[in-house]
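Visitor: One structure, pasted below without further comment.
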Amino acid sequence: MILKVVFLLVSLFTVGSALMVVTHKNLFSSALFLVASFFGVAALYVLLEAEFLAVAQVLIYVGAIATLIIFAIMLTRGMMSGRTSPRNDQAAWAGLASVVLGLVLLYVVVFRVQWPVVEKPVPPDTIEQLGRALVGRYVVPFEVASVLLLAALVGAVLIAREKEV
Amino acid sequence: MDTLLVLIPALPFLAFITIVLVTNHDKRLSASLTIGATALSWLLGWYFAFRALLHPEHYAEHPMAWTVPWFPGGHTVFVTGFQVDLLTAAMLFMVPFLCLLIFIYSLGYMEGDPRFSRFFAYLALFATGMLGFILADNMLLAFIFWELMGVCSYLLIGFWSFRKPGETHIDHAQVERARRASLKAFITTRVGDTVMLAGMVLLYAMTGSLRWSEVLAPHTLERLAEQMTQMPVFGDVRWATLLAILVFWGAIGKSAQFPLHVWLPDAMEGPTPVSALIHAATMVSAGVYLIIRTFPLFHVVAHGHNGAMWFVAFIGTFTALFAATIGVAQFDIKRVLAYSTISQLGYMFAALGIGAYVAAAFHLLMHAFFKALLFLGSGSVIHAMHHGHHVAHEHAHGEEDLGGLEFNPNDMRFMGGLMKKMPITAWTFIAGGLSLAAFPIITAGFWSKDEILAEAWHNGHMWVFWTLAVAAFLTAFYTGRQIFMTFFGEPRTEAARHAHESPKTMTYPLIILAVFAIAGGWVGIPETFPGLGPLVKGWFQSVMEIQAEALHIHMEPVPFNPVPALISMTMALGGLLVAWLIYGTRPLGFEDPLERPLNGLWQVLYHKYWIDEIYQGTIIAFAKWFAVFLYKVDDVWIIDPLVDKVGRFGRWLAFSTRRFVDEQIIDRLVNLTAWVSNVLGEWFRQIQTGQVQNYLLAIALTVTVLLLLTVF
Amino acid sequence: MVPLSWYLAVAAVLFVLGLFGVLSRRNAVAILMGVELMLNAVNINLLAFWRYTQPENVAGLVFAVIVLTVAAAEAAVGLALFIALYRLRESVNVDEIQLLKG
Amino acid sequence: MLNTLNVVRLLPELILLVTALVVIFVDLYARRRTALWLLPGVSIAGLVLAFVAAFAQWGAQEVVAGTLAADSFAFYFKLVAAVTVVLVILASVRYMRERTRFLGEFYAFLLVATLAVFVAVSATDLITVYLGLETLSIVSYVLTGFLRDDKRSNEAAIKYFLYGAVASAIMLYGFSLLYGLTGTTDLAEIARRLQAGDVLANLEWVAWPAVILAAVGFAFKASLVPFHQWAPDAYEGAPTPVTMFLSTVSKATGFAVMARVFLTAMPSLGEYWMALLYGLAILTMTVGNLIALRQTSVKRMLAYSSIAHAGFILMGLVAVTAPAGGHPFNGLDGVLMYVVAYAFTNAGAFAVVAAVEDGTGDATLDNFAGLIARAPFLAAAMLIFLLSLAGVPPLAGFAAKLFVFAPVVRQEYYALAVVALVNAVVAAGYYLKVVKQMFFVEVPERPAFAVARGMRWALWLMIIGVFGVGIFMNWFAFMSVRSAAGMLGL
Amino acid sequence: MAFFERWVLTIILFWPLLASLWVLLIPKEQEDRIRRVSIWMSVVPLVLAAVLFVDYGTRFLGGTGGIQYEVQVTWIPQLGASYHIGADALSVPLIFLTALLTTLSLYYSARVIKHRVKEYFFLFLLLETGMFGVFMALDLVLFYVFWEVGLVPMFFLIGIWGHENRMYASLKFFLYTLVGSVAMLLAFLALYFKTGTFDIVKLTEMRPFADDIVRASLVFFGIFLGLAIKVPSWPFHTWLPDAHTEAPTAGSVILAGILLKLGAYGFLRILLPILPSAFAYWGFLMVILGVISIVYGAFVCMAQTDLKRLIAYSSVSHMGYVMLGLGAAGVALTGSVPWLASKDSAALAMDGAMLQMFNHGIITGALFFLVGILYERAHTRDLTAFGGLSAKLPYYYGIFMVAGFASLGLPGLAGFWSEFFVFRGAFDIVRIWAAIGAIGVVVTAGYILWRIVANVFLGEFNEERWGNKLWDMVGYEKATLWPLILIMFFLGLYPTPLVNFFNSAAVELLTKAGFMF
């Protein structure tokens with residue numbers, strides 16, 4: 001019961017922040033709400049007993065991605081004060097599509113499908129198993145992900161670098 | 001020896017080829033080639049003809065023949081070749097001989113024509129066609145030569161669509177007339193030929209052959225006579241009847257019978273030797289020959305049911321009278337003869353229609369001689385008038401009053417009194433004319449025509465008899481009119497005054513022909529004719545009857561009956577007499593004495609019942625309109641509006657778009673597709689706004705819609 | 001225990017919120033934020049399914065880790081592109097770039 | 001755990017990785033003049049080695065480390081990718097030299113992209129599928145925006161990026177549903193679980209969403225309408241050699257992954273995804289062609305044309321069957337045939353565009369006028385490629401058309417066949433527009449121009465390829481039928 | 001001899017391709033050399049084709065008949081498609097016709113084409129290979145390949161060396177034909193799936209879809225569309241007037257002379273033997289389309305003022321006879337013609353159709369050459385601009401008259417035989433329609449004589465306009481025309497050699513299709 005209350009609070013916080021992310025006029029505030037939302041998601045992970053992922057979420061999303069985003073906002077700040085609307089012409093359509101899609105997803109995913117739920121505790125050695133999997137069965141994705149990160153980094157630097165001399 | 005048959009048509013053909021390819025520039029040599037080749041053909045032809053005619057019993061059953069396999073069709077092989085039986089022999093007696101005479105005549109007549117060599121080349125080609133036609137042992141080969149004649153006729157009628165000999169300037173009207181006449185001749189006969197082609201292929205399909213000997217074999221014919229076929233409109237028809245009528249249409253076209261007669265009078269635009277040879281003696285009578293040849297097919301169906309015979313008789317009889325009436329009101333010396341030819345051919349068909357096989361053949365031969373003679377005579381007259389006109393002009397007599405008419409050397413109103421100027425021509429012409437008018441006893445025409453009338457009377461075809469009798473009267477009348485207007489009285493123009501006799505190359509053939517025109521008929525005096533009959537014993541009839549027997553046509557000899565003979569004589573003499581009364585007894589002006597008294601009727605006749613105008617206004621107009629209509633459907637109507645639409649569409653598109661439209665889109669269905677594609681393409685193109693969020697919205701909407709569609 | 005469907009509901013809402021952000025924001029960086037929300041939603045899904053259906057099989061966790069990693073790489077490249085965009089045009093408003101269209 | 005044998009199976013990927021690193025090092029240490037030929041040289045050598053390594057293992061049929069398949073199907077795509085990237089590199093030597101300084105990075109990225117392709121086409125696990133595709137995408141974003149000082153290149157990359165990010169997120173959502181339903185990410189295992197009783201009950205509700213959402217990602221990669229809209233802009237803005245890559249290898253990867261996921265993981269959902277793809281195929285070929293009809297830039301026109309061709313490729317997948325005895329024309333072999341034919345042909349066409357851009361500045365239709373007089377070789381090559389695109393025998397495009405039309409006829413999908421027929425004609429219409437411009441229009445005032453050596457080689461190779469696939473159809477048929485048969489479990 | 005039998009077709013087939021590659025290697029400045037090489041190289045297949053004609057005629061005709069000189073090399077074993085070529089009594093004359101017209105066209109073009117010579121001769125030789133291939137192919141894939149190979153060079157010939165509106169015409173030509181050929185390809189695939197082979201000989205034995213008329217019809221119409229567009233039969237003809245009118249002279253000659261025949265050939269090689277039931281079932285439709293083509297084409301000709309366009313439309317009309325003949329044979333195949341008088345009728349109708357294919361090639365080829373000759377001088381194709389040429393250009397006039405008369409089916413010239421045979425067959429099988437078709441014969445005479453001859457050759461010569469601008473035919477023009485004219489004459493008088501070939505082919509095809517003689 002408490003879990004449910006906590007869950008509700010956390011998810012309200014997460015969803016509320018996310019709502020602010022996509023609606024707030026000020027980009028910088030949006031970014032901060034995004035960080036909040038990320039934290040909320042991390043809390044949900046904790047509720048799901050995936051602590052490792054929660055930590056990773058905080059590290060990567062908050063520590064890396066959100067920081068990058070905020071940096072990017074600073075770097076591209078020149079014209080982004082509130083003078084022009086933050087929303088484009090199709091916002092109404094976007095809202096409609098999102099709402100309908102959300103309703104459909106909710107209807108199907110949440111209410112219709114009987115997911116094959118099993119009441120099992122999380123094995124205590126989950127993190128160890130995760131580690132084994134990443135160098136065992138999932139070694140290739142793991143390696144490829146590292147290549148990807150390297151390539152993305154090089155690429156980002158290449159593209160974002162100041163103009164040539 | 002029979003292989004030499006090939007040479008008869010081949011020699012003139014070789015002459016043609018040689019002239020066209022080699023000797024075109026040497027007029028004399030070209031003419032000599034044609035005449036030489038034809039002379040050889042003539043000798044060969046007479047050799048075969050007399051061989052056959054002297055042993056009629058043998059050759060009627062077993063014609064001299066030369067054959068060669070032609071082509072396979074399915075599982076049967078078509079054999080072709082040449083043959084001489086008695087009927088062919090009779091034609092072979094006449095055709096090469098006439099050809100030769102007329103070719104010689106042409107030497108003088110065409111003197112000075114810039115395309116002299118080509119003229120003789122065409123003549124040679126024509127000789128090939130006619131000789132091949134009569135010799136052919138099957139219908140297909142005959143058809144080939146038949147059409148070859150048609151082409152020569154076309155080429156020769158239009159020969160002066162360029163320039164006449166001796167003319168210093170081009171006569172535009174003359175050129176145009178010749179051009180139209182040649183076209184008309186070819187296309188009109190083509191109509192008949194196409195029907196005939198249909199008949200021929202059906203005959204071929206039904207019998208599996210086109211060889212005379214096989215198609216006309218009794219058992220084949222009986223089968224055709226028994227089997228019925230379903231026709232639209234006409235219901236059940238016997239095959240024999242249907243085939244016969246279809247084939248007969250070929251003859252209607254070629255022999256200028258009503259309603260396809262219109263080309264022949266116009267064909268007189270050709271040089272006169274051509275008129276004499278092709279449009280009087282040989283080609284036009286080829287139609288008659290064809291029907292005589294296929295007569296068993298017509299004859300096989302029992303009397304009461306015989307639609308084919310009836311049809312032939314009707315067309316022939318009607319045409320005989322119809323053309324004769326028109327002949328009465330014509331002024332052009334050749335046109336009168338042309339209508340007379342149509343009329344006389346009608347006689348022959350009428351004869352065939354009532355079953356007078358021998359009489360038709362006889363009239364065919366006799367007519368060839370005297371009509372050729374008449375045409376050559378008229379050619380001589382025209383030649384003389386032409387020169388006379390020139391001489392008169394040189395002597396500067398000033399403008400002559402021609403009653404408001406324009407001078408035309410063919411017009412009989414401008415002649416008169418030529419007897420004194422050109423006696424040979426005049427006497428031979430009169431000989432031919434009398435023969436045509438069937439002047440009793442002495443002329444060939446009398447014997448042949450009398451026999452037809454006798455048969456009609458004897459067989460009880462009274463309507464045929466009386467119609468033909470009236471036609472005979474008219475024939476005699478217009479022949480007399482022609483003779484009196486041309487040769488008697490006083491010259492009515494300077495041209496006639498200055499006319500003089502033609503050169504010997506022209507007159508000698510006239511003389512020879514005159515002999516035949518008179519005496520030729522004596523071989524066919526019926527045995528039963530009182531007095532003369534036993535002398536000759538109806539030699540021609542007996543020969544032809546042998547031929548008929550060989551074809552299983554049983555000929556009852558016609559007993560002599562004085563009633564039709566007297567009527568026939570009365571008509572001939574009466575017609576001449578009336579003509580003399582009207583045209584011979586007083587000086588003539590530029591107006592016909594009958595023109596006023598007959599008034600309305602005269603106009604009808606003068607304008608040939610307006611048949612040409614009717615055709616022009618209906619069938620031809622419709623064909624032209626239809627052609628243009630279809631073309632517009634094809635190319636104009638369905639395109640243009642579309643182009644319009646596309647053009648309007650293009651205006652609001654970008655420049656490049658418009659250029660694309662202009663360049664690419666000018667067609668119907670494909671263009672419609674292109675048009676639709678372009679519109680849609682442009683529309684889709686506008687979806688590609690360049691705004692990535694629009695694209696993303698598209699994804700979102702697509703996914704949403706798809707989910708909605710599939711989940712619910 | 002919290003029912004699975006609650007997590008799924010939160011994820012779905014987060015997903016469409018992110019989508020809405022992507023579709024409606026003009027600023028490229030804001031759009032990227034929307035994308036990140038969507039990825040987070042997916043991760044919630046993955047982890048929830050892992051937890052409720054196959055907790056002993058770590059595939060869901062691995063998947064989530066990979067998604068995290070990829071998201072980082074993606075963000076890096078994306079932001080670099082935005083910076084280049086800003087350098088070229090002094091603006092990162094996505095609805096203003098439409099040189100390429102039609 | 002990895003054993004030695006498995007490492008051999010991963011040899012092509014490893015070679016590419018090492019080559020990419022070597023290229024970076026060469027770039028760091030070689031002098032620029034040397035680098036100009038050494039970089040492409042090393043890259044090509046690496047690709048050739050990878051090709052050999054892949055070819056040597058042709059016929060293998062096993063799963064490496066649980067997530068990658070070493071089967072003919074994968075090798076087939078690897079071979080095609082390796083060859084095509086070689087051509088791309090040859091075509092880009094001069095093009096890129098004149099446009100950027102970062103040549104080492106460029107070739108390295110191409111190699112990494114190829115590596116991603118290698119991973120994606122052999123992925124047998126949703127995780128590797130996602131990762132492979134996403135790696136390919138991210139590297140492609142970089143490649144597309146490689147000319148970072150070029151507005152168009154940048155714009156293209158941003159659009160591509162945003163589109164790709166969203167599409168992959170949607171796909172992921174779909175994957176998560178699949179995972180939730182079956183509790184596994186392994187494709188074969190998913191297929192097995194989908195047959196299980198408790199799952200079957202839920203299929204009614206999950207099948208469509210899972211298929212549709214997952215298909216979005218594949219459709220994005222393969223640029224199927226209506227998930228194609230990034231493609232024209234990205235293709236146009238990207239450096240042309242990159243366009244060559246995107247329109248051939250990247251697209252082929254989309255199909256490979258789609259085929260593998262659908263066929264391995266969801267054979268029991270065949271009627272769902274086939275119906276979806278049926279519709280997408282019709283839409284794709286029609287819309288692609290119709291818009292292509294209205295283009296004035298040859299590059300953009302080819303972009304749309306390649307969208308339309310995706311529709312044709314899809315026909316093979318729509319009509320996929322598993323005929324007894326492993327006969328040809330099972331549909332999947334059509335996809336494979338098309339991919340190889342299309343690789344040579346479309347890469348060739350874009351290569352010519354690149355050469356024309358090099359020679360004249362840009363690639364509007366107008367700039368192709370009278371090309372036969374100005375650069376006869378280019379014109380002739382373009383003609384061959386365009387005819388091949390139009391499906392004229394004996395060129396590669398004909399073989400491809402034959403193999404995708406065939407299964408449609410076999411399945412008696414008449415509507416699809418008729419639509420495809422009409423589209424083939426519409427497509428020929430705009431190809432001929434270019435031909436017309438090159439050959440029929442004469443503009444004597446325009447100067448002739450030369451073609452770079454690398455480009456010349458690339459073009460020759462592609463011409464040979466186009467004729468080769470068409471005339472020696474049997475070899476390629478053999479390979480594609482074998483690969484397809486393996487995939488279909490025959 | 002064995003060598004000859006095995007290789008002759010392959011050599012004929014690929015010789016022009018080799019020649020075209022040789023031409024490609026000659027620098028484009030050496031125009032004379034290009035011309036010489038092309039012409040002389042094209043003589044080789046001509047001679048071989050003539051030898052083939054004689055050889056087949058003496059050794060097989062009337063004896064074994066059938067497909068000879070067969071070569072079968074596996075090509076795509078997976079599909080059962082092979083390089084399978086051969087020639088029978090139908091294709092041998094057509095191969096000869098192709099070789100002849102190509103050589104003449106090259107010879108004529110050598111004097112006329114002065115612009116982009118190398119490309120021209122390259123494409124022309126390539127085209128020849130395509131045409132040969134269609135006439136030889138015994139495998140559907142191979143057939144399709146060559147079918148399309150012929151399409152491309154013609155597209156260029158029209159587009160580069162054509163007249164004012166050439167781009168439009170070439171595009172239209174290409175797209176139209178493509179629609180048909182793709183449909184055909186689909187139908188080929190359907191045949192494949194039914195039988196598992198693309199081999200025409202095997203397919204003929206198997207007779208797929210014999211008991212499934214719905215599917216058979218579907219396949220039939222797929223192929224039919226491809227062929228009918230090529231023939232072209234009404235209402236698929238609208239590409240033809242534009243293509244013919246805009247093509248360069250030699251292009252028109254080949255287009256009318258050979259390319260149209262490819263369509264008709266397909267009917268005989270593919271549709272009839274493989275799908276006899278559908279062919280019979282839809283024979284009547286072909287009859288109707290044929291008759292409409294004949295009459296419609298002829299009437300449209302009457303309304304033309306453009307000489308070349310007129311002759312183009314006349315092709316629609318004349319190819320209608322082919323359709324009529326084929327359709328009639330099809331109707332006869334149904335066995336439900338109660339009034340059929342002679343079993344030979346079906347064969348004769350087909351003989352006619354085949355003869356028409358050959359004759360139309362010769363005659364219309366000649367006519368297009370003649371129009372081209374006039375156009376070279378006058379630079380207009382407007383009929384009404386001329387007049388009186390018979391006197392100024394007598395040689396030209398003579399040759400034109402022969403060709404014109406042959407075209408209108410004058411007995412004694414080649415064209416007659418085809419009409420005669422077609423009508424001979426059709427009148428026995430589809431009487432009423434044949435009778436309607438016969439109207440076309442009259443109208444044909446009308447447009448040849450009334451539109452062309454009367455306008456161009458008769459009448460008055462416009463001295464002011466033409467003066468010395470028109471001159472009579474010169475040596476090379478005569479040399480181009482004479483072979484055709486001689487063939488017209490020869491076949492007109494003695495069609496036997498050709499009929500022997502075609503009749504043997506017709507009997508064989510009909511027997512195979514199940515017709516009981």
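Each chain of the structure tokens is named A, B, ... in the order shown, its residues numbered from 1; ligands are numbered from 1 in display order.
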Quick one: which residues from chain E are at most 7 Å off chain D, using only C-alpha atoms, as a compact mmCIF listing (two decimals) with N, CA and C atoms, in the first residue's frame?
Guide:
```
# COMPACT_ATOMS: atom_id res chain seq x y z
N TRP E 75 21.19 -21.32 -68.45
CA TRP E 75 21.51 -19.94 -68.10
C TRP E 75 21.20 -19.72 -66.62
N ILE E 76 19.94 -19.84 -66.26
CA ILE E 76 19.59 -19.67 -64.85
C ILE E 76 18.94 -20.98 -64.43
N PRO E 77 19.75 -21.91 -64.03
CA PRO E 77 19.18 -23.25 -63.77
C PRO E 77 18.10 -23.20 -62.70
N GLN E 78 18.24 -22.26 -61.78
CA GLN E 78 17.24 -22.20 -60.70
C GLN E 78 15.85 -21.96 -61.26
N LEU E 79 15.79 -21.22 -62.38
CA LEU E 79 14.49 -20.86 -62.92
C LEU E 79 14.11 -21.72 -64.11
N VAL E 145 14.12 -10.51 -72.67
CA VAL E 145 15.36 -9.74 -72.69
C VAL E 145 15.55 -9.08 -74.04
N GLU E 148 13.11 -6.27 -74.94
CA GLU E 148 13.41 -4.97 -74.35
C GLU E 148 14.68 -4.38 -74.95
N VAL E 149 15.60 -5.25 -75.31
CA VAL E 149 16.85 -4.76 -75.89
C VAL E 149 16.55 -3.98 -77.16
N GLY E 159 14.60 9.64 -80.68
CA GLY E 159 14.82 10.83 -79.87
C GLY E 159 15.96 11.71 -80.36
N ILE E 160 16.97 11.10 -80.96
CA ILE E 160 18.12 11.92 -81.36
C ILE E 160 18.03 12.35 -82.82
N LEU E 175 7.26 4.37 -73.31
CA LEU E 175 6.38 4.10 -72.18
C LEU E 175 5.25 3.15 -72.56
N LEU E 178 6.55 -0.20 -72.78
CA LEU E 178 6.93 -0.70 -71.46
C LEU E 178 5.71 -1.22 -70.71
N VAL E 179 4.62 -0.50 -70.78
CA VAL E 179 3.40 -0.97 -70.11
C VAL E 179 3.12 -2.40 -70.54
N VAL E 182 5.82 -5.04 -69.37
CA VAL E 182 5.78 -5.43 -67.95
C VAL E 182 4.60 -6.36 -67.71
N ALA E 183 3.46 -6.03 -68.32
CA ALA E 183 2.31 -6.92 -68.19
C ALA E 183 2.66 -8.31 -68.70
N LEU E 186 4.73 -10.24 -66.23
CA LEU E 186 3.91 -10.81 -65.16
C LEU E 186 3.24 -12.11 -65.63
N LEU E 189 5.58 -14.93 -65.74
CA LEU E 189 5.83 -15.49 -64.41
C LEU E 189 4.70 -16.42 -64.00
N ALA E 190 3.48 -16.01 -64.34
CA ALA E 190 2.35 -16.89 -64.02
C ALA E 190 2.53 -18.24 -64.72
N PHE E 193 5.05 -20.28 -62.84
CA PHE E 193 4.60 -20.89 -61.59
C PHE E 193 3.70 -22.09 -61.85
```
Visitor: Run DSSP on the backbone and tell me which residues of segment 29-205 of chain D come out as strand (DSSP E or B); list them as a VMD selection string.
Guide: chain D and resid 61 to 64 68 to 71 123 125 186
Visitor: Using DSSP on the backbone coordinates, identify all residues within segment 278-459 of chain B classified as alpha helix (DSSP H); present the result as a VMD selection string.
Guide: chain B and resid 283 to 293 295 to 299 307 to 328 333 to 353 357 to 394 418 to 421 423 to 436 444 to 458
Visitor: Could you work out which residues of chain B fall inside 12 Å of chain A? Count only C-alpha atoms, and format the result as a PyMOL selection string.
Guide: chain B and resi 691-712
Visitor: Counting only C-alpha atoms, figure out which residue out of A:Ser30, A:Glu119, A:Arg112, A:Glu162 gets nearest to chain D.
Guide: A:Arg112
Visitor: Using only C-alpha atoms for the distances, tell me which of D:Pro12, D:Gly183, D:Pro241, D:Pro232 is nearest to Ala349 of chain D.
Guide: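 Closest residue, counting only C-alpha atoms: D:Pro241.
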Visitor: Quick one: pull the distance between atom CA of Pro241 of chain E and atom CA of Leu326 of chain E, Å, one decimal.
Guide: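 Atom CA of Leu326 of chain E lies at a distance of 23.3 Å from atom CA of Pro241 of chain E.
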Visitor: Could you name the residues that touch segment 256-266 of chain D at 9 Å or less, counting only C-alpha atoms, but leaving out those on the same chain fewer than 4 positions away, as JSON, numbers by chain?
Guide: {"D": [73, 74, 77, 120, 121, 122, 123, 124, 125, 126, 129, 133, 186, 187, 188, 189, 190, 191, 192, 194, 211, 214, 215, 217, 218, 219, 222, 251, 252, 270, 273, 317, 332, 335, 336, 487, 488]}
Visitor: Could you list, as a VMD selection string, the residues of chain B having an atom within 6 Å of chain C when counting only C-alpha atoms?
Guide: chain B and resid 685 to 686 688 to 691 693
Visitor: Convert the current residue selection to file output with C-alpha atoms, as a PDB file, in the first residue's frame.
Guide:
```pdb
ATOM      1  CA  ARG B 685       5.336  16.925 -53.105  1.00  0.00           C
ATOM      2  CA  GLN B 686       3.650  19.625 -51.125  1.00  0.00           C
ATOM      3  CA  GLN B 688       7.147  17.254 -48.228  1.00  0.00           C
ATOM      4  CA  THR B 689       7.277  20.658 -46.569  1.00  0.00           C
ATOM      5  CA  GLY B 690      10.843  20.556 -45.470  1.00  0.00           C
ATOM      6  CA  GLN B 691       9.748  20.831 -41.836  1.00  0.00           C
ATOM      7  CA  GLN B 693       8.231  18.137 -37.381  1.00  0.00           C
TER       8      GLN B 693
END
```
Visitor: Can you build me a table of segment 67-132 of chain B residues sitting at most 7 Å from segment 139-155 of chain B, with the closest atom pair per residue and its distance in Å to one decimal, using only C-alpha atoms, sorted by chain and residue number, as a tab-separated table?
Guide:
```
residue	atom	partner	partner_atom	distance
B:Tyr122	CA	B:Cys152	CA	6.1
B:Leu125	CA	B:Cys152	CA	6.9
B:Phe126	CA	B:Met149	CA	5.5
B:Gly129	CA	B:Phe145	CA	4.5
B:Met130	CA	B:Met149	CA	6.5
B:Gly132	CA	B:Phe145	CA	5.9
```
Visitor: Counting only C-alpha atoms, what is within 8 Å of Asn410 of chain B, bar same-chain residues fewer than 4 positions away, as a VMD selection string?
Guide: chain B and resid 332 to 334 382 385
Visitor: Tell me as a PyMOL selection string which residues belonging to chain C come within 7 Å of chain D, counting only C-alpha atoms.
Guide: chain C and resi 35+38-39+42+45-46+49+53-54+59+63+74+78+81+84-85+88+97+99-101
Visitor: Can you tell me, as a list in words, what residues are no more than 10 Å from Ser314 of chain E when counting only C-alpha atoms, ignoring any on the same chain fewer than 2 positions away?
Guide: Pro241, Ser293, Ile294, Tyr296, Gly297, Ala298, Phe299, Val300, Cys301, Met302, Lys308, Arg309, Leu310, Ile311, Ala312, Val316, Ser317, His318, Met319, Gly320, Thr364, Ser407, Leu408, Thr444, Tyr447 and Ile448 of chain E
